[in-house]
Each structure stands twice: as C-alpha cells, then as structure tokens.
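Below is one structure; the comments refer to it alone.
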Amino acid sequence: MSISTEITPGSDHSKRTDVDWLIERFLGHLKYTRAKDWAYATSMDQYLALSLAVRDVLFERKIITQLTHTRGDVKRVYYLSLEYLLGQMLRCSLVNLGWYESCRERLERLGLDLDELRDIEPDAGLGNGGLGRLAACYLDSLATLDMPALGYGIRYEYGIFDQEIVNGWQVERPDYWLRFGSPWEIVRPEFACPVRLFGRVEHRTDAAGRPRSLWTGCRLVMGLPYDIPIPSCGTGTVNLLRLWSARASESFDLNAFNRGGYLEAVQEQALTETISKVLYPSDAVEKNRELRLIQQYFFVACTLSDIFRRYDKNHDTVDELPNKAAIQLNDTHPAVAISEMMRILVDERALRWERAWEITQAVFGYTNHTLMPEALEIWPVSLFERVLPRHLEIIYDINQRFLDDVRRRYSGDSGRIQRMSLIQESPFKGVRMAHLAIVGSHTVNGVAKLHSDLIRSRLVPDFAEFWPERFTGVTNGVTPRRWLLACNSALAGAITRRIGDGWIRDLDQLRRLEPFADDPEFQKEFQQIKRQNKQRLAEWIGRKLAIPTPIDAMFDVQVKRLHEYKRQLMNILQVIIRYHRIRDERADLPPRVVLFGAKAAPSYHHAKLIIKLINDVGRTINTDPRVADRLRVAFLPNYRVSLAELIIPAADLSEQISTAGTEASGTGNMKFALNGALTIGTLDGANVEIRDAVGADNFFLFGLTEQEVAYYRSTYQPWQLGT
Ligand code: 26W
C-alpha cells in the first residue's frame, strides 16, 4: 500500500506539502525552540532549526503512515540491528522530499548557504562499518518501497570513535554526537519498557500440573525509546527507526540516598545507564564481554515487548503473529531474540512448546555477514547462566529437541551431533549464536552469491545438508538516493537528462544509460563532473592535510575499515614499488593520487601499524621532488559516512582487493561503481556481481580465486618466499 500525502479528510494537511511551510517552521523554531532572534542565531542554531522544521514535515507524514498501517493491521518488517551507520540526515531527508534545490534557493534569499548548514550536522555513527551502513540503506529502501517497516536499535550515547592521526598513529576520541541533542529524534516515554537481568529460575507446577519456570530475583532496567523518522523518496511514506536508551528503573533509590547510601544509589544508576553508553568499536567479537551480551539482550527484550504491545492492540491470541510480523536478524548480534520469543510465548503466553517453536521459526530470518571466525559470536555458558539463566534453559531445550531431530535423520553420527549442537564443548562451553539463529529462523541468507555459497560449503555444511531450502542468498545493495542522487547531484542530473528519473526508485533502469557510453557529448559531461568532484575533494585535502593533490592525476581510492583481509598493506606496498620505479627507473607512469581512509578497531594493533606505515610512506613520497606531481599518497583521517559522500564521487579507481573468500560482500564497491569509478578487484564478495554487471572488460581483475586460496592456504609459507 502506498501512502500518499494528498489532503486527507478531517485534517488540514494542505499547507504541509511545500517549502513555504518548511521555511515558516524554520523561522518559528529559530525563535521558539532555539529562543534566538535572527541577528543572534549561530549557524548551529540555524542547522538545528532547519532540521526541526524538516522533522515537522516528516512527522506530518509519519502520523498518516502509522495511522494507515495500524488501521490496516498490516504485516510489518522489523529490522533488528545493533548497528546503524546513519551519517548526516538533513541533506538526504530534503532530497527524499524532493525539496533540496528549492530549500537551498529559499535559504539563499535569507543569506544562508544550505551546503554549509548541512555540514554542521554530526554524523550519527552508531555502527562499525558495512553491516551498520547496510542497515541504514535498507531502512531508506523499505520506506521508498512503501513497506511497513520499523528499524530497532540502541541509542548509543557515544558512536564509533572519532579518529585523529597524531604522528601517523590513530588516536581515538569519544564521539559525543548528542552534544547539541539530535533534532531528528523524539523521545517516547509512553512506550518505555522494563527489562529483567540476572536473577535465578524457580521451577514450579501450575494449577493444571504443568511444569512452569519462574525467572525471579532479577535486576530491573528501563528501556526508553527514541524515534527517528525515515522518509520514502517519492511517496508520502515515513517509517520509524526506534532506538532504545537504558535508564535506571527508579530515578534512583531515594531511601538509599536518605540512608546516606548516596553512592550506591548513584552507582546503581550509573551501571544501568552504561548499557546504552557506547557502541562496541570492534568488528570482531570482544571476548566474553558481559556488557556486550547485556546490550544485546536489553535491546532484544525492549524490541519484542514493543512488537507484542503493537500486535496485541489488534489481536487476542498470538496465532496471527507470523502473518503480522517478519523479524530480520542483522547478524547474530540480536540472535538472543529467538530465546526471548520462546520465553514470552511459553512462560508468559502459556503456549505449548511445539506451537511456540512453530511461530518463532515462522517469524525470524537471519542474515549472516561474515565468515571470519573471530566475528562469530560464542557466549560462554557461565556468562549466559549468570546474566540470562532462563534463556540458557530455553536454549538447552531448543538444543535437545533439535539434536533429537538430527539423531532421527543421522543416527549414530556423534561427530555431526557435536558439530551441529548449539552448545560448543571446547575450548570452552559456549552458546553458538549462529546455530541458534539458524535453527530459530525459516530463512538464512548470505550477502553475496559467493558468500552464500561459502556459508553452505564452508561455514555450516551440516545445516545446509539438513535444511537445503532454508539457505538463500540476498546480495547486498546500497541506496541510490544517498549514494548518487544526494552526494553526486551533478552526475544524477546528467543521467536524468538522458534516461528520465525513474532510476532513482528503480535502479535497474540505469541500463538505459548504456547507449550513451559512446556518446561523445555525454562522455565530455561525465569527465567534467568527475573533475569537479575531484576538485572539491582536492580542496578538502588541501585544507585538512596541506597535501597538494593534482586533479589531472588518477584518484586511486581505498576507503573501508582497516583489516588485514582487506589488504591495505598490499596496496601501500605497491605504492612503494611505484615510487621506486618513478624515482629510480624514471618509469613514465601516469600520475596517481593514492587515497586511503580507514578506522582500525582500537585493540587491533597490527591494523594500527598499517595506518602508521601508510602515513610514513605518504610523508616520504609527498616530500620527494623527484616524483612531484606523479605520485601522491594521502591518508584521510576520520573516515565516516559524510566523508565517504565527498570521496566516492571523486574516485577514478576503486580498490576492492580482499583475499578471495574473506569479504562477505562489500558495499563500498557498489557505491564507487555507481559513481563511475573503475574497479580494481579480486573475485570476492559482490565484486563478482559487479564485474558481471559492468562487463569483464570494465573490471581490472587480479588475484587468486577463492578455490585457489583454499588450495594454497595449506602449503603457503610466506617466509619461504623470496629466500
Ligand atoms: C563487535 C562484533 C562485530 C562482529 C562483526 C561487529 C560487526 C561485525 C560485522 C559482521 C562486520 C561487518 O560489518 N561485516 C560486513 O558486512 C557488510 C554488509 O553485509 C558486508 O558488505 C561486508 O563484506 C562485511 O565485512
């Protein structure tokens, strides 16, 4: 169903659909929300007031959307992710409304520069990298497709750290993105929900003599939701992203305060509010971190409670739940939802186990984002037992019934039983969250064709054999609104002038551009646009790093998290070779500017060494007159969504060089291709799909295939090489 914003009976929306009203609200917010007279308003005041005005427009539409969904008792998609890399919201919200240009003109008449204003907004960096940014792209696409969807996450007070480079080394600074509050969110105390943690389980029998488990003696935490509007591009739909913030259940124990126990009262509050304080800045599992498990459960408990609250408004029994809710797990970070769903259905709604399990499997889907062993979550049973004793019991029950099914099919194969069990016995007794997610879902997807194949053949072959129909592939995508229409408006305009604007909501229409590839007029315009984008980036690099960046040189870009499998080291080594060839052999190589951007997890020392190496190589090369304008290297600090929006349109070459079989999909690779960069890449992740789409002759392929890597891995002795 599509939500239109035409005037609905009984409510005066007429004014709410144009920029005039937006500007009126902007001036109103300056005065009544920022309490500023025009003359004394700072640019921060202006940015906040404009964002609040845009939010007003989105709320108008959100009210209509949510009313329509509730009245229609529609089936909703619930996207559960511990990470959302939203970036800046102002430009994309205006672009999705179709008002960016007219708003820019109206502000210009008021003496304001929208391009400057929008860049005051701090990035909402509530994620580590690809997984978190994919979640944000999906929200934009779900709204644009008029899908009734809600994103659920945690409102981290501190997002991914800000990266400063000091003497070539990464230094992390806290990302206090809420310093001025977020104009995009609205707090919803009426939907706050209590969450239990720790405690113990008492076993009883109920009046009907059935065994019941009572989870008691718990600590209580409150989840306080904040909503962020997610606008469609091209229709009136506005969905929501609901982020949970942790609060102490009592304001704090006044009696303790009066008894002089002030410190323990405040200590209790502080502990509780630590739960949503900070995003884990790693993209590999932090060993046995209790707080990480508590974050995951806190978020899941609040979310399922909210889903039932909404569902119960229209239903007396849970039988309809699979027709009204599809819950997607973004990796295993929310996988504890499987056991929480069973706890609610069995312990609170008194369903028979089998019926509860049927509903659970029908409702959940699981997306795997990585094959890297260090990113596969296995929680120590001892930790689970302490924090979530009832959930551990439920997981044991799930495991018991599941392994009985396996035994029925493969009697006597004890090796298989051990491999498939939800519980790992060694090196420590742990809960395999990927196994829990798989058995508790009706569908499991990888994020690119190769990755989905490797899930079946490498990661969990036993499960793929047991349930072949359960495993699918859904290659990642990126939203063309943020990653072309908003960040590269000149190219977007050039495309629209050739093939119309249907591509904005249906990207397959880009195919219609193919005949223009040989059109000299289009080629000239394309080059001019690329040059303008490079000029803009070069100016930024000049201002930030004082590195002269010749725009006649090819911009060779590798921006992504720093990880050994992504092979930034190999890239900087080839730069060193290129430097020597130019300096010593006078090789006549075309000029290149090699750009890096990458945050390393704070504990990942080897990755931080590579950052240091890149900066040191850059300093050597950039100060050597013998290579002058033929080779430059720059490490762009604090890579984040808003910086990617500046870099990607300016790239000529896109480095996607991971060892085949390690990058699940990649999404930066798609953004670069969408903006006309040529890919240098291995046959890994979605590079395969991109090469198929653009044609092999437009893709600079190199490196071993995944099968070759697997073959050589067993015999590969790097130290033997070169001796
Ligand atoms: C803190 C634990 C943790 C572990 C893994 C946090 C985040 C992860 C993610 C799996 C890491 C990640 O972002 N994976 C990337 O997901 C993208 C979206 O599917 C893919 O395009 C990338 O290939 C994959 O590396």
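Chain labels A, B, ... are given in the sequence in which chains occur in the structure tokens; within each chain residues are numbered consecutively from 1, and ligands are likewise numbered from 1 in the order shown.
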At most 8 Å from ligand 1 (only C-alpha atoms and all ligand atoms): residue list as a PyMOL selection string: chain A and resi 83+127-134+280-286+331+333+368-370+374-377+447+476+662-668+685-686
Every residue of range 470-668 of chain A that DSSP places in alpha helix (DSSP H), as a PyMOL selection string: chain A and resi 480+489-499+520-545+568-585+605-622+641-647+668
For Tyr152 in chain A: contacts at 7 Å, only C-alpha atoms, fewer than 6 positions along chain excluded, given as JSON, numbers by chain: {"A": [79, 80, 81, 241, 242, 243, 303]}
Using C-alpha atoms, can you export the residues from the last selection as a JSON list (two decimals), in the first residue's frame?
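Writing done, so here's out_28.json:
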[["chain", "number", "residue", "atom", "x", "y", "z"],
["A", 79, "TYR", "CA", 14.75, -4.97, 11.20],
["A", 80, "LEU", "CA", 16.82, -5.75, 14.31],
["A", 81, "SER", "CA", 20.37, -4.42, 14.22],
["A", 241, "LEU", "CA", 13.74, 3.81, 13.47],
["A", 242, "ARG", "CA", 13.20, 3.18, 17.20],
["A", 243, "LEU", "CA", 16.40, 3.33, 19.28],
["A", 303, "THR", "CA", 12.04, -4.63, 20.93]]
Best match for closeness to Lys75 in chain A among A:Leu240, A:Ile657, A:Ile165, A:Ala325, counting only C-alpha atoms: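 Result for the nearest residue to Lys75 in chain A: A:Ala325.
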Contact residues around Arg592 in chain A with only C-alpha atoms at 8 Å, ignoring same-chain residues under 6 positions, as JSON, numbers by chain: {"A": [553, 554, 555, 556, 630, 631, 632]}
Write out as an mmCIF file with N, CA, C and O atoms, in the first residue's frame each polymer residue whose atoms come within 10 Å of Leu329 in chain A, counting only C-alpha atoms; drop sequence neighbours fewer than 4 positions from it.
data_model
loop_
_atom_site.group_PDB
_atom_site.id
_atom_site.type_symbol
_atom_site.label_atom_id
_atom_site.label_comp_id
_atom_site.auth_asym_id
_atom_site.auth_seq_id
_atom_site.Cartn_x
_atom_site.Cartn_y
_atom_site.Cartn_z
ATOM 1 N N TYR A 78 10.278 -6.041 10.750
ATOM 2 C CA TYR A 78 11.036 -5.489 11.876
ATOM 3 C C TYR A 78 12.498 -5.817 11.648
ATOM 4 O O TYR A 78 12.879 -6.979 11.599
ATOM 5 N N TYR A 79 13.326 -4.786 11.469
ATOM 6 C CA TYR A 79 14.750 -4.971 11.201
ATOM 7 C C TYR A 79 15.513 -4.764 12.501
ATOM 8 O O TYR A 79 15.518 -3.655 13.048
ATOM 9 N N LEU A 80 16.126 -5.841 13.021
ATOM 10 C CA LEU A 80 16.820 -5.749 14.309
ATOM 11 C C LEU A 80 18.327 -5.691 14.058
ATOM 12 O O LEU A 80 18.901 -6.647 13.517
ATOM 13 N N SER A 81 18.933 -4.569 14.439
ATOM 14 C CA SER A 81 20.372 -4.419 14.224
ATOM 15 C C SER A 81 20.994 -3.704 15.412
ATOM 16 O O SER A 81 20.446 -2.715 15.904
ATOM 17 N N LEU A 82 22.160 -4.181 15.848
ATOM 18 C CA LEU A 82 22.873 -3.490 16.927
ATOM 19 C C LEU A 82 23.597 -2.266 16.374
ATOM 20 O O LEU A 82 24.151 -1.488 17.145
ATOM 21 N N HIS A 333 24.051 -10.653 16.312
ATOM 22 C CA HIS A 333 24.050 -9.746 17.461
ATOM 23 C C HIS A 333 22.690 -9.711 18.161
ATOM 24 O O HIS A 333 22.642 -9.594 19.374
ATOM 25 N N PRO A 334 21.558 -9.795 17.440
ATOM 26 C CA PRO A 334 20.234 -9.868 18.125
ATOM 27 C C PRO A 334 19.722 -11.301 18.251
ATOM 28 O O PRO A 334 18.538 -11.514 18.539
ATOM 29 N N ALA A 335 20.555 -12.324 18.073
ATOM 30 C CA ALA A 335 20.057 -13.713 17.988
ATOM 31 C C ALA A 335 19.430 -14.197 19.281
ATOM 32 O O ALA A 335 18.615 -15.118 19.280
ATOM 33 N N VAL A 336 19.731 -13.569 20.390
ATOM 34 C CA VAL A 336 19.099 -13.949 21.662
ATOM 35 C C VAL A 336 17.587 -13.737 21.581
ATOM 36 O O VAL A 336 16.826 -14.252 22.401
ATOM 37 N N ALA A 337 17.133 -13.024 20.522
ATOM 38 C CA ALA A 337 15.690 -12.812 20.318
ATOM 39 C C ALA A 337 14.956 -14.140 20.149
ATOM 40 O O ALA A 337 13.776 -14.255 20.501
ATOM 41 N N ILE A 338 15.640 -15.155 19.621
ATOM 42 C CA ILE A 338 15.000 -16.462 19.430
ATOM 43 C C ILE A 338 14.564 -17.013 20.794
ATOM 44 O O ILE A 338 13.417 -17.416 20.983
ATOM 45 N N PHE A 364 11.155 -15.409 12.305
ATOM 46 C CA PHE A 364 12.527 -14.913 12.202
ATOM 47 C C PHE A 364 13.219 -15.273 10.888
ATOM 48 O O PHE A 364 12.995 -16.340 10.321
ATOM 49 N N GLY A 365 14.073 -14.327 10.442
ATOM 50 C CA GLY A 365 15.012 -14.559 9.342
ATOM 51 C C GLY A 365 16.378 -14.103 9.833
ATOM 52 O O GLY A 365 16.459 -13.226 10.700
ATOM 53 N N TYR A 366 17.437 -14.722 9.317
ATOM 54 C CA TYR A 366 18.788 -14.409 9.807
ATOM 55 C C TYR A 366 19.707 -14.117 8.639
ATOM 56 O O TYR A 366 19.783 -14.880 7.674
ATOM 57 N N THR A 367 20.396 -12.972 8.720
ATOM 58 C CA THR A 367 21.387 -12.602 7.704
ATOM 59 C C THR A 367 22.782 -12.770 8.301
ATOM 60 O O THR A 367 23.074 -12.191 9.345
ATOM 61 N N ASN A 368 23.600 -13.569 7.621
ATOM 62 C CA ASN A 368 24.997 -13.719 8.058
ATOM 63 C C ASN A 368 25.849 -12.728 7.267
ATOM 64 O O ASN A 368 25.669 -12.592 6.059
ATOM 65 N N ALA A 437 20.609 -18.882 15.710
ATOM 66 C CA ALA A 437 19.925 -18.072 14.695
ATOM 67 C C ALA A 437 19.421 -18.956 13.557
ATOM 68 O O ALA A 437 18.312 -18.774 13.053
ATOM 69 N N SER A 441 15.249 -19.724 12.727
ATOM 70 C CA SER A 441 14.733 -18.946 11.583
ATOM 71 C C SER A 441 14.238 -19.872 10.490
ATOM 72 O O SER A 441 14.686 -21.014 10.388
ATOM 73 N N VAL A 444 17.797 -18.275 6.029
ATOM 74 C CA VAL A 444 19.152 -17.811 6.371
ATOM 75 C C VAL A 444 19.775 -17.311 5.075
ATOM 76 O O VAL A 444 19.811 -18.045 4.082
#
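Pairwise distance (CA of Tyr156 in chain A, CA of Ile230 in chain A) equals 18.4 Å.
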Separation of CA of Arg310 in chain A from CA of Val363 in chain A, in Å and rounded to one decimal: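 So the answer is 15.3 Å.
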Sel. of strand (DSSP E) residues, range 266-509 of chain A, as a list in words: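 The residues of range 266-509 of chain A classed as strand (DSSP E) are Ala325, Ala326, Ile327, Gln328, Leu329, Asn330, Phe364, Gly365, Tyr366, Thr367, Ile378, Trp379, Pro380, Ile423, Gln424, Gly430, Val431, Arg432, Thr443, Val444, Asn445, Gly446, Phe471, Thr472 and Gly473 of chain A.
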Residues near Ala49 in chain A, cut-off 9 Å, only C-alpha atoms, skip fewer than 6 positions along chain, as a ChimeraX atom specification: /A:25-31,33-34,183
CA of Gln656 in chain A to CA of Asp584 in chain A, straight-line distance in Å: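 If I compute the distance from CA of Asp584 in chain A to CA of Gln656 in chain A, I get 28.6 Å.
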Which of A:Ala39, A:Leu537, A:Leu263, A:Ile359 sits closest to Leu321 in chain A [using only C-alpha atoms]: A:Ile359
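Distance check against Arg179 in chain A using only C-alpha atoms: of A:Ala124, A:Leu97, A:Leu50, A:Ala677, the minimum falls on A:Ala124.
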What's around range 563-570 of chain A at 12 Å? Count only C-alpha atoms, leave out sequence neighbours fewer than 4 positions away in its own chain, and write the answer as a PDB file with C-alpha atoms, in the first residue's frame.
ATOM      1  CA  GLY A 129      31.151  -0.333   9.040  1.00  0.00           C
ATOM      2  CA  SER A 282      35.313  -3.579  17.061  1.00  0.00           C
ATOM      3  CA  ASP A 283      34.241  -5.657  14.096  1.00  0.00           C
ATOM      4  CA  ALA A 284      35.368  -8.796  15.784  1.00  0.00           C
ATOM      5  CA  THR A 370      30.892 -12.676   7.828  1.00  0.00           C
ATOM      6  CA  LEU A 371      32.811 -15.925   7.650  1.00  0.00           C
ATOM      7  CA  MET A 372      35.684 -14.635   9.792  1.00  0.00           C
ATOM      8  CA  VAL A 557      40.968   5.179  -3.587  1.00  0.00           C
ATOM      9  CA  GLN A 558      40.798   2.535  -0.864  1.00  0.00           C
ATOM     10  CA  VAL A 559      38.367   3.500   1.921  1.00  0.00           C
ATOM     11  CA  GLN A 574      52.507  -1.483  -4.471  1.00  0.00           C
ATOM     12  CA  VAL A 575      52.646   2.271  -3.876  1.00  0.00           C
ATOM     13  CA  ILE A 576      56.223   1.888  -2.611  1.00  0.00           C
ATOM     14  CA  ILE A 577      57.135  -0.116  -5.732  1.00  0.00           C
ATOM     15  CA  VAL A 594      46.561   7.234  -3.822  1.00  0.00           C
ATOM     16  CA  LEU A 595      43.970   7.890  -1.118  1.00  0.00           C
ATOM     17  CA  PHE A 596      43.346   5.773   1.987  1.00  0.00           C
ATOM     18  CA  GLY A 597      40.660   6.135   4.627  1.00  0.00           C
ATOM     19  CA  ALA A 598      40.202   3.639   7.423  1.00  0.00           C
ATOM     20  CA  LYS A 599      39.444   3.279  11.107  1.00  0.00           C
ATOM     21  CA  ALA A 600      41.100   0.399  12.943  1.00  0.00           C
ATOM     22  CA  ALA A 601      39.462  -1.217  15.941  1.00  0.00           C
ATOM     23  CA  PRO A 602      41.246   0.301  18.986  1.00  0.00           C
ATOM     24  CA  SER A 603      42.568  -3.092  20.127  1.00  0.00           C
ATOM     25  CA  TYR A 604      43.704  -4.174  16.640  1.00  0.00           C
ATOM     26  CA  HIS A 605      47.378  -3.254  16.926  1.00  0.00           C
ATOM     27  CA  HIS A 606      48.508  -4.777  13.650  1.00  0.00           C
ATOM     28  CA  ALA A 607      45.906  -2.691  11.801  1.00  0.00           C
ATOM     29  CA  LYS A 608      47.129   0.439  13.599  1.00  0.00           C
ATOM     30  CA  LEU A 609      50.678  -0.331  12.461  1.00  0.00           C
ATOM     31  CA  ILE A 610      49.472  -0.391   8.859  1.00  0.00           C
ATOM     32  CA  ILE A 611      47.897   3.053   9.332  1.00  0.00           C
ATOM     33  CA  LYS A 612      51.231   4.284  10.670  1.00  0.00           C
ATOM     34  CA  LEU A 613      53.058   2.789   7.672  1.00  0.00           C
ATOM     35  CA  ILE A 614      50.715   4.453   5.178  1.00  0.00           C
ATOM     36  CA  ASN A 615      51.234   7.831   6.822  1.00  0.00           C
ATOM     37  CA  VAL A 617      55.187   6.283   3.260  1.00  0.00           C
ATOM     38  CA  PHE A 635      45.591   9.054   4.494  1.00  0.00           C
ATOM     39  CA  GLU A 655      40.419  -0.665  -4.724  1.00  0.00           C
ATOM     40  CA  GLN A 656      38.492  -3.821  -3.783  1.00  0.00           C
ATOM     41  CA  ILE A 657      41.364  -6.217  -3.239  1.00  0.00           C
ATOM     42  CA  SER A 658      40.432  -8.521  -0.349  1.00  0.00           C
ATOM     43  CA  THR A 659      41.760 -12.086  -0.364  1.00  0.00           C
ATOM     44  CA  ALA A 660      39.047 -14.038  -2.205  1.00  0.00           C
ATOM     45  CA  GLY A 661      36.710 -15.746   0.255  1.00  0.00           C
ATOM     46  CA  THR A 662      37.110 -13.192   3.037  1.00  0.00           C
ATOM     47  CA  GLU A 663      34.891 -10.179   2.153  1.00  0.00           C
ATOM     48  CA  ALA A 664      31.309 -11.348   2.528  1.00  0.00           C
ATOM     49  CA  SER A 665      30.037  -8.798   0.018  1.00  0.00           C
ATOM     50  CA  GLY A 666      31.357  -5.266   0.289  1.00  0.00           C
ATOM     51  CA  GLY A 681      39.388  -6.144  -7.611  1.00  0.00           C
ATOM     52  CA  THR A 682      39.564  -9.807  -6.756  1.00  0.00           C
ATOM     53  CA  ASP A 684      35.456 -11.775  -3.797  1.00  0.00           C
ATOM     54  CA  GLY A 685      32.085 -10.843  -2.336  1.00  0.00           C
ATOM     55  CA  GLY A 703      44.432 -12.300  -7.635  1.00  0.00           C
TER      56      GLY A 703
END
Among the residues A:Lys524, A:Lys324, A:Arg419, A:His435, the one that comes closest to Thr70 in chain A [using only C-alpha atoms]: A:Lys324
